[in-house]
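Take a look at the structure set out below.
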Amino acid sequence: MNEKPVILIVDDVPTNVQILANCLKDNYHIKVATDGLRCLELVAATPTPDLILLDIEMPGMDGYEVCQQLKKNPVTQNIPVIFVTANDQEEDEEKGLQLGAVDYITKPIRPSIVVARVNTHITLKLQHDKLTAMATHDQLTGLYNRHYLFISANKKIAKAKRHHEPVSFIMMDIDHFKHINDNYGHPVGDIVLQKVATIIEQQSRSEDVAARFGGEEFVILLDHCSLMDAQFKAEKYRQLIEAERPEQHVVTCSFGVVQMNPEGEAIDSLIKRADLALYQAKENGRNQVVIGE
Amino acid sequence: MEQHKKPESVQQVLTKEQIHDLLQVLAEKLQQGDYIDTAEFESIKTGSSDNGLQNVFKQLMEQIAQFDSNAALKTIQNIEAQLNVTINPGQKEDIK
């Protein structure tokens with residue numbers, strides 16, 4: 001596993017790449033592209049760069065255009081770009097910064113300056129990533145939080161409506177969770193939440209949005225998923241959770257499952273219908289999956 | 001990230017398996033766009049007793065130093081054909 005921050009150097013002159021790589025290779029994982037297209041190719045692959053050092057004058061796509069492409073793409077727009085260029089006119093620098101670059105370094109390359117600036121921007125980038133993760137994830141379980149659910153659900157629902165694709169929604173609640181907390185203590189309750197979350201995470205596809213919705217309540221938004229498939233999935237979660245026995249305790253969950261109305265439906269409405277189905281599952285004796293109206 | 005270990009002597013003639021492993025690491029790095037410090041792979045230049053192959057290895061190192069990934073990958077394919085080994089980046093045990 002690679003734990004060093006990744007820096008992508010984009011320059012068509014081998015000597016420049018070599019100078020930059022030499023001063024950064026000890027602390028960073030270095031990737032290299034000698035033209036704009038290869039840069040965009042590498043950015044789309046994993047690991048995603050944490051920072052890009054981008055030359056401007058290159059054959060084919062120049063650095064300005066590469067930067068524009070990066071900033072247009074929601075997946076890459078937050079990768080900091082530092083221009084490293086021989087273009088030392090004020091208007092060049094202004095243009096680079098206006099395109100979204102975080103910094104502008106002029107050649108000849110002074111290694112100590114490059115290292116200092118790169119270190120600063122990498123620190124800021126990693127802090128930004130950490131804050132983003134904290135703002136979108138539940139700290140205890142590592143699943144997405146309610147805030148992220150609403151952000152992503154609106155996009156996924158709009159896309160599914162446009163392409164006439166099915167979207168399903170599962171709401172689940174740990175049965176008698178209060179009993180677990182009251183009788184075995186909150187640390188055990190936390191372990192139960194984490195175990196349930198791990199099962200949800202392991203069984204989810206990368207495109208699913210699995211979130212902790214409230215105390216012991218979880219939701220999973222499944223795009224490209226019919227009601228029947230969602231029911232099957234919920235049943236699988238139910239069985240796995242029942243078999244898990246965290247801290248030697250039998251833990252069960254109740255589930256409400258609904259599919260989005262084909263004409264489109266707001267996330268609030270999906271939640272409301274799934275909640276009613278979940279309530280029905282509880283009423284029917286818990287530890288079961290109920291399909292909503 | 002897989003770390004390449006230098007063979008003990010830079011003058012050492014490498015076995016077919018050692019060459020295969022080195023080329024596999026290089027091919028993987030080239031495809032992934034990883035920076036390759038050619039100093040770490042010096043041993044490959046003298047890795048063969050065959051002069052023709054030594055020249056190809058030197059050519060490969062020059063292409064890598066020039067960041068000409070496409071040419072370097074083609075050279076690796078040529079070596080692969082000469083040595084009758086298969087280089088599949090990301091996989092091991094491909095000696096024919």
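Naming scheme: A, B, ... for chains in displayed order of the structure tokens; residues 1 onward per chain; ligands 1 onward as shown.
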
Next on the checklist: Taking only C-alpha atoms into account and nothing else, which residues of chain A lie no more than 12 Å away from chain B? Please answer as an NGL selection string.
Outcome noted: :A and (1-4 or 6-22 or 24-26 or 28-35 or 38-49)

Next on the checklist: So that I can check the secondary structure, give me every residue of stretch 81-281 of chain A assigned helix (DSSP H, G or I) by backbone DSSP, as a PyMOL selection string.
Outcome noted: chain A and resi 90-98+111-136+146-163+177-184+186-203+227-244+246-248+267-281

Next, the residues of the selection above should be written as a short mmCIF file (atom, residue, chain, number, x, y, z; two decimals), in the first residue's frame with C-alpha atoms.
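Output below, filename selection.cif:
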```
data_model
loop_
_atom_site.label_atom_id
_atom_site.label_comp_id
_atom_site.auth_asym_id
_atom_site.auth_seq_id
_atom_site.Cartn_x
_atom_site.Cartn_y
_atom_site.Cartn_z
CA GLU A 90 2.42 38.96 -15.04
CA GLU A 91 -0.49 38.16 -17.38
CA ASP A 92 0.63 34.52 -17.68
CA GLU A 93 0.63 34.14 -13.93
CA GLU A 94 -2.70 35.92 -13.63
CA LYS A 95 -4.23 33.62 -16.25
CA GLY A 96 -2.88 30.52 -14.49
CA LEU A 97 -4.27 31.57 -11.13
CA GLN A 98 -7.61 32.56 -12.66
CA PRO A 111 14.42 23.01 -5.77
CA SER A 112 14.16 24.43 -2.24
CA ILE A 113 11.36 26.80 -3.29
CA VAL A 114 9.50 24.03 -5.08
CA VAL A 115 9.79 21.73 -2.06
CA ALA A 116 8.60 24.44 0.33
CA ARG A 117 5.59 25.34 -1.80
CA VAL A 118 4.69 21.74 -2.51
CA ASN A 119 4.88 20.89 1.19
CA THR A 120 2.53 23.76 2.03
CA HIS A 121 -0.04 22.83 -0.58
CA ILE A 122 0.10 19.13 0.24
CA THR A 123 -0.52 19.95 3.91
CA LEU A 124 -3.53 22.08 2.95
CA LYS A 125 -4.83 19.37 0.58
CA LEU A 126 -4.58 16.63 3.19
CA GLN A 127 -6.31 18.83 5.77
CA HIS A 128 -9.05 19.57 3.26
CA ASP A 129 -9.49 15.84 2.54
CA LYS A 130 -9.72 15.12 6.26
CA LEU A 131 -12.33 17.83 6.81
CA THR A 132 -14.34 16.62 3.82
CA ALA A 133 -14.29 13.06 5.17
CA MET A 134 -15.38 14.31 8.60
CA ALA A 135 -18.21 16.33 7.08
CA THR A 136 -19.57 13.44 5.04
CA ARG A 146 -27.19 11.89 6.86
CA HIS A 147 -25.81 15.08 5.35
CA TYR A 148 -24.04 13.18 2.58
CA LEU A 149 -27.08 10.99 1.97
CA PHE A 150 -29.19 14.01 1.09
CA ILE A 151 -26.49 15.54 -1.14
CA SER A 152 -25.89 12.35 -3.12
CA ALA A 153 -29.53 11.16 -3.15
CA ASN A 154 -30.74 14.21 -5.03
CA LYS A 155 -28.12 13.68 -7.74
CA LYS A 156 -28.73 9.93 -8.00
CA ILE A 157 -32.50 10.29 -8.11
CA ALA A 158 -32.34 12.98 -10.80
CA LYS A 159 -30.00 10.80 -12.88
CA ALA A 160 -32.17 7.69 -12.46
CA LYS A 161 -35.27 9.63 -13.47
CA ARG A 162 -33.52 10.97 -16.57
CA HIS A 163 -32.34 7.51 -17.66
CA PHE A 177 -30.99 -1.39 20.74
CA LYS A 178 -31.89 0.49 23.90
CA HIS A 179 -31.91 -2.83 25.72
CA ILE A 180 -28.32 -3.50 24.55
CA ASN A 181 -27.13 -0.08 25.72
CA ASP A 182 -29.01 -0.27 29.05
CA ASN A 183 -27.92 -3.80 29.91
CA TYR A 184 -24.41 -4.06 28.52
CA HIS A 186 -22.70 2.08 25.61
CA PRO A 187 -19.27 0.69 24.63
CA VAL A 188 -20.98 -2.60 23.72
CA GLY A 189 -23.70 -0.62 21.93
CA ASP A 190 -20.99 1.11 19.92
CA ILE A 191 -19.42 -2.23 18.97
CA VAL A 192 -22.83 -3.47 17.82
CA LEU A 193 -23.26 -0.38 15.65
CA GLN A 194 -19.80 -0.85 14.17
CA LYS A 195 -20.38 -4.55 13.43
CA VAL A 196 -23.69 -3.83 11.72
CA ALA A 197 -22.07 -1.02 9.73
CA THR A 198 -19.23 -3.31 8.67
CA ILE A 199 -21.71 -5.86 7.31
CA ILE A 200 -23.56 -3.15 5.43
CA GLU A 201 -20.30 -1.79 4.03
CA GLN A 202 -19.00 -5.20 2.99
CA GLN A 203 -22.22 -6.12 1.23
CA LEU A 227 -37.43 -3.62 -5.66
CA MET A 228 -36.95 -7.39 -5.85
CA ASP A 229 -33.16 -7.08 -5.80
CA ALA A 230 -33.35 -4.62 -2.91
CA GLN A 231 -35.57 -7.02 -0.98
CA PHE A 232 -33.07 -9.82 -1.64
CA LYS A 233 -30.26 -7.58 -0.45
CA ALA A 234 -32.09 -6.56 2.71
CA GLU A 235 -32.79 -10.20 3.50
CA LYS A 236 -29.10 -10.95 3.10
CA TYR A 237 -28.18 -8.12 5.51
CA ARG A 238 -30.77 -9.44 7.96
CA GLN A 239 -29.35 -12.96 7.91
CA LEU A 240 -25.72 -11.84 8.17
CA ILE A 241 -26.43 -9.50 11.07
CA GLU A 242 -28.34 -12.19 12.94
CA ALA A 243 -25.45 -14.61 12.44
CA GLU A 244 -22.79 -12.08 13.51
CA PRO A 246 -21.28 -9.17 18.25
CA GLU A 247 -19.86 -9.56 21.78
CA GLN A 248 -21.80 -12.84 22.01
CA ILE A 267 -35.66 11.56 -1.07
CA ASP A 268 -37.95 12.76 1.73
CA SER A 269 -40.80 10.76 0.23
CA LEU A 270 -38.64 7.63 -0.13
CA ILE A 271 -37.59 7.96 3.49
CA LYS A 272 -41.18 8.40 4.63
CA ARG A 273 -42.39 5.30 2.76
CA ALA A 274 -39.44 3.18 3.86
CA ASP A 275 -39.98 4.33 7.43
CA LEU A 276 -43.61 3.19 7.29
CA ALA A 277 -42.51 -0.23 5.99
CA LEU A 278 -39.90 -0.40 8.73
CA TYR A 279 -42.56 0.43 11.31
CA GLN A 280 -44.65 -2.41 9.89
CA ALA A 281 -41.68 -4.80 10.24
#
```

Next on the checklist: List the spatial neighbours of B:Thr75 as a list in words - criterion: any atom at most 12 Å away, only C-alpha atoms, same-chain residues fewer than 4 positions off excluded.
Outcome noted: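 Close residues of B:Thr75: Leu23, Leu26, Ala27, Leu30, Leu53, Asn55, Val56, Phe57, Lys58, Gln59, Leu60, Met61, Glu62, Gln63, Ile64, Asp68, Ser69, Asn70, Ala71, Ile79, Glu80, Ala81, Gln82 and Ile87 of chain B.
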
Next on the checklist: Could you check the closest approach to B:Gln12 for each of B:Asn84, B:Glu40, B:Lys74, B:Ser49 and tell me which residue wins, using only C-alpha atoms?
Outcome noted: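 Counting only C-alpha atoms, the residue closest to B:Gln12 is B:Ser49.
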
Checklist entry - Expressed in Å to a single decimal, how great is the separation between atom CA of A:Gln68 and atom CA of A:Cys23? => result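 Atom CA of A:Cys23 lies at a distance of 27.2 Å from atom CA of A:Gln68.
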
Next on the checklist: Quick check, in Å to one decimal: how far apart do atom CA of A:Ser226 and atom CA of A:His176 lie?
Outcome noted: 29.6 Å

Next on the checklist: Among stretch 22-266 of chain A, which ones does DSSP assign to strand (DSSP E or B) (computed from the backbone)? Answer as a ChimeraX atom specification.
Outcome noted: /A:29-33,51-54,81-85,103-106,137,144,167-174,209-212,217-223,253-259

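When atom CA of A:Ile56 is paired with atom CA of B:Glu28, their separation reads 27.9 Å.
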